[in-house]
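A.B. asks: Got query.csv for you, CSV, C-alpha atoms:
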```
chain,number,residue,atom,x,y,z
P,272,MET,CA,4.6,-4.8,12.7
P,273,LEU,CA,8.4,-4.7,12.9
P,274,LEU,CA,10.0,-6.0,16.1
P,275,THR,CA,13.4,-4.6,17.0
P,276,ASN,CA,16.1,-7.3,16.6
P,277,HIS,CA,13.5,-9.9,15.6
P,278,GLY,CA,12.0,-9.0,12.2
P,279,ALA,CA,8.4,-8.8,11.0
P,280,LEU,CA,5.3,-10.1,12.6
P,281,THR,CA,1.8,-10.3,11.1
P,282,VAL,CA,-1.4,-11.6,12.6
P,283,GLY,CA,-4.8,-12.5,11.2
P,284,ALA,CA,-8.0,-14.3,12.0
P,285,ASP,CA,-6.5,-17.4,10.6
P,286,LEU,CA,-3.1,-18.6,9.3
P,287,THR,CA,-3.9,-17.8,5.7
P,288,THR,CA,-4.8,-14.2,6.4
P,289,ALA,CA,-1.6,-13.8,8.5
P,290,TYR,CA,0.4,-15.4,5.6
P,291,TYR,CA,-1.0,-13.0,3.0
P,292,ARG,CA,-0.4,-10.0,5.2
P,293,MET,CA,3.3,-11.1,5.5
P,294,GLU,CA,3.5,-11.4,1.7
P,295,THR,CA,2.1,-7.9,1.4
P,296,LEU,CA,4.6,-6.5,4.0
P,297,GLU,CA,7.5,-8.1,2.2
P,298,LEU,CA,6.3,-6.8,-1.2
P,299,GLN,CA,6.0,-3.3,0.3
P,300,ALA,CA,9.5,-3.5,1.7
P,301,GLN,CA,10.9,-4.5,-1.7
P,302,ILE,CA,9.0,-1.7,-3.5
P,303,SER,CA,10.3,0.8,-0.9
P,304,LEU,CA,13.9,-0.4,-1.3
P,305,VAL,CA,13.8,-0.2,-5.1
P,306,ALA,CA,12.2,3.3,-5.0
P,307,ARG,CA,15.0,4.5,-2.7
P,308,LEU,CA,17.7,3.0,-4.9
P,309,LEU,CA,16.1,4.7,-7.9
P,310,GLY,CA,16.2,8.2,-6.4
P,311,GLY,CA,13.5,8.2,-3.7
P,312,VAL,CA,9.8,8.1,-3.3
P,313,LYS,CA,7.6,10.8,-4.9
P,314,ASP,CA,4.0,11.5,-4.0
P,315,ILE,CA,1.4,11.1,-6.8
P,316,SER,CA,0.0,14.5,-7.8
P,317,ARG,CA,-3.6,15.4,-6.8
P,318,GLU,CA,-4.5,15.5,-10.5
P,319,ASN,CA,-3.3,11.9,-11.1
P,320,ILE,CA,-5.0,10.7,-7.9
P,321,ASP,CA,-8.2,12.2,-9.2
P,322,ARG,CA,-7.8,10.4,-12.5
P,323,LEU,CA,-7.1,7.1,-10.8
P,324,ILE,CA,-10.1,7.5,-8.5
P,325,GLY,CA,-12.2,8.3,-11.6
P,326,MET,CA,-11.1,5.0,-13.3
P,327,ARG,CA,-12.2,2.8,-10.4
P,328,PRO,CA,-15.8,2.3,-11.7
P,329,GLN,CA,-14.4,1.2,-15.1
P,330,TYR,CA,-12.7,-1.7,-13.3
P,331,GLY,CA,-15.5,-2.5,-11.0
P,332,VAL,CA,-13.8,-1.1,-7.9
P,333,THR,CA,-16.4,0.4,-5.6
P,334,GLY,CA,-15.9,3.0,-2.9
P,335,LYS,CA,-12.9,5.3,-2.3
P,336,HIS,CA,-9.5,4.1,-1.3
P,337,PRO,CA,-8.8,4.9,2.4
P,338,GLY,CA,-5.7,6.8,1.5
P,339,TYR,CA,-7.7,9.3,-0.5
P,340,LYS,CA,-8.7,11.1,2.7
P,341,LYS,CA,-5.3,12.6,2.8
P,342,TYR,CA,-6.0,14.5,-0.4
P,343,SER,CA,-9.7,15.3,0.0
P,344,GLU,CA,-9.1,18.2,2.3
```
As structure tokens, how would this structure be written, given the file I've shared?
C.D. replies:
Amino acid sequence: MLLTNHGALTVGADLTTAYYRMETLELQAQISLVARLLGGVKDISRENIDRLIGMRPQYGVTGKHPGYKKYSE
């Protein structure tokens, strides 16, 4: 979470989990900044999402990504 005038805070079952969540948060912030600087964020098309979902078994990734629910309707 982001705390007004304080920065970011992550929690976890242990210190290592909280640390990796902070690393993920910082990486996402960097990606977001670079995307904005390069002209903005663009959604991936439904067709490309379907292709990526179809590739998951090839790489041993099971189940569907939680974000896929947005496009399954």
A.B. asks: What's the 12 Å shell around Lys313 of chain P, counting only C-alpha atoms, without same-chain residues fewer than 6 positions away, as a ChimeraX atom specification?
C.D. replies: /P:303,306-307
A.B. asks: Would you kindly identify which residues have an atom no farther than 8 Å from (1.6, -8.5, 14.4), using only C-alpha atoms and the file's own coordinates, and write them out as JSON, numbers by chain?
C.D. replies: {"P": [272, 273, 279, 280, 281, 282]}
A.B. asks: May I ask for the distance between atom CA of Ile324 of chain P and atom CA of Ile302 of chain P, given in Å to one decimal place?
C.D. replies: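 Atom CA of Ile324 of chain P sits 21.8 Å away from atom CA of Ile302 of chain P.
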A.B. asks: State, in Å with one decimal place, the distance from atom CA of Thr275 of chain P to atom CA of Gln301 of chain P.
C.D. replies: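 Between these atoms lies a distance of 18.9 Å.
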A.B. asks: Could you tell me how far atom CA of Thr333 of chain P lies from atom CA of Arg292 of chain P, in Å and to one decimal?
C.D. replies: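 A separation of 21.9 Å between them.
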A.B. asks: Could you tell me which of P:Asp314, P:Gly334, P:Leu323, P:Gly278 comes closest to Leu296 of chain P if we count all atoms listed in the file?
C.D. replies: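 Under the stated criterion, the closest residue is P:Gly278.
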